[in-house]
Amino acid sequence: MSAPELHSIEVEGITRSAFILRGALAVGAAYGVGAVAPFVSSALGATATDDESVLAFALSLEQLESAFYKAALARAGLSGQAQTLATSFGAHEDEHVTTISQLLTQLGAKRAAAPKTKFGVTDEASFLKLAVMLEDTGVAAYNGAAPMLGTVDLLSALGSIVNIEARHSAALRALAGQDPSPQAFDKPMSALQVSAAVQQFIR
């Protein structure tokens, strides 16, 4: 299995560990929390497994989602409920970006520039398909990274964000005619399966 919709996303100027994260996010969209967690841990561990690196990772993910909704509103010809959700959810992602940036500043860390992105969204159907994957991925990625946080307050802050990402996913799934909550637990994968699946996302 793979997540072909994510092939349309191009991210420039990122490190090897970020490439691993990108692959992990793709696998998270397809296979769930159990699959993405080991690779999120590995990628963050390539620099430092501390609060700052977790927040930096979360910021890059939120910047990606924020950029996605802006691109969808500009180019996908959305209308009705899809436009309403994209507008609302995009505003949420912008708030997440601002909040996590402030948390990084409080830690004395420098905020990295937002990655350059390109999304292949041309209509409502492609928007919904990729939006569901990105929001599912966001939930999986946060759940994978959360155990690495050493500060309870930060865990609470990011927990409040992942709850919203899950609500985004449920709403988008419902609009796309999918089950908003298809299973009680996400399906895990072996490390070998995950490694094989993410290779196609590493350039």
# chains A, B, ... in the order shown; residues from 1 in each chain; ligands from 1
>>> closest_atom_pairs(of="stretch 60-97 of chain A", to="stretch 134-137 of chain A", cutoff="10 Å", atoms="only C-alpha atoms", output="tab-separated table")
residue	atom	partner	partner_atom	distance
A:Leu61	CA	A:Leu134	CA	9.3
A:Leu64	CA	A:Leu134	CA	9.0
A:Glu65	CA	A:Leu134	CA	7.2
A:Phe68	CA	A:Leu134	CA	9.0
>>> residues_around(residues="A:Ser88", least_positions_apart="4", cutoff="12 Å", atoms="only C-alpha atoms", output="PyMOL selection string")
chain A and resi 66+69-70+73+81-84+92-95+164+167-168+171-172
>>> residues_around(residues="A:Val54", least_positions_apart="2", cutoff="8 Å", atoms="only C-alpha atoms", output="list in words")
Leu44, Thr49, Asp50, Asp51, Glu52, Ala56, Phe57, Ala58, Ala145, Ala146, Met148 and Leu149 of chain A
>>> residues_around(residues="A:Leu154", least_positions_apart="4", cutoff="9 Å", atoms="only C-alpha atoms", output="list in words")
Asp51, Leu55, Leu103, Leu149, Gly150, Leu158 and Gly159 of chain A
>>> residues_around(residues="A:Gly80", least_positions_apart="5", cutoff="12 Å", atoms="only C-alpha atoms", output="list in words")
Leu73, Leu85, Ala86, Thr87, Glu124 and Leu175 of chain A
>>> select_by_dssp(residues="stretch 43-191 of chain A", states="helix (DSSP H, G or I)", output="number ranges by chain")
A: 43-45, 51-75, 80-106, 124-148, 152-175, 191
>>> residues_around(residues="A:Val162", least_positions_apart="3", cutoff="8 Å", atoms="only C-alpha atoms", output="list in words")
Gly138, Val139, Tyr142, Asn143, Leu158, Gly159, Glu165 and Ala166 of chain A
>>> closest_residue(among="A:Val97, A:Ala140, A:Ala174, A:Ala184", to="A:Ala113", atoms="only C-alpha atoms")
A:Val97
>>> atom_distance(atom1="atom CA of A:Ser169", atom2="atom CA of A:Thr151")
27.0 Å
>>> closest_residue(among="A:Lys110, A:Lys118, A:Lys129, A:His96", to="A:Arg173", atoms="only C-alpha atoms")
A:Lys129
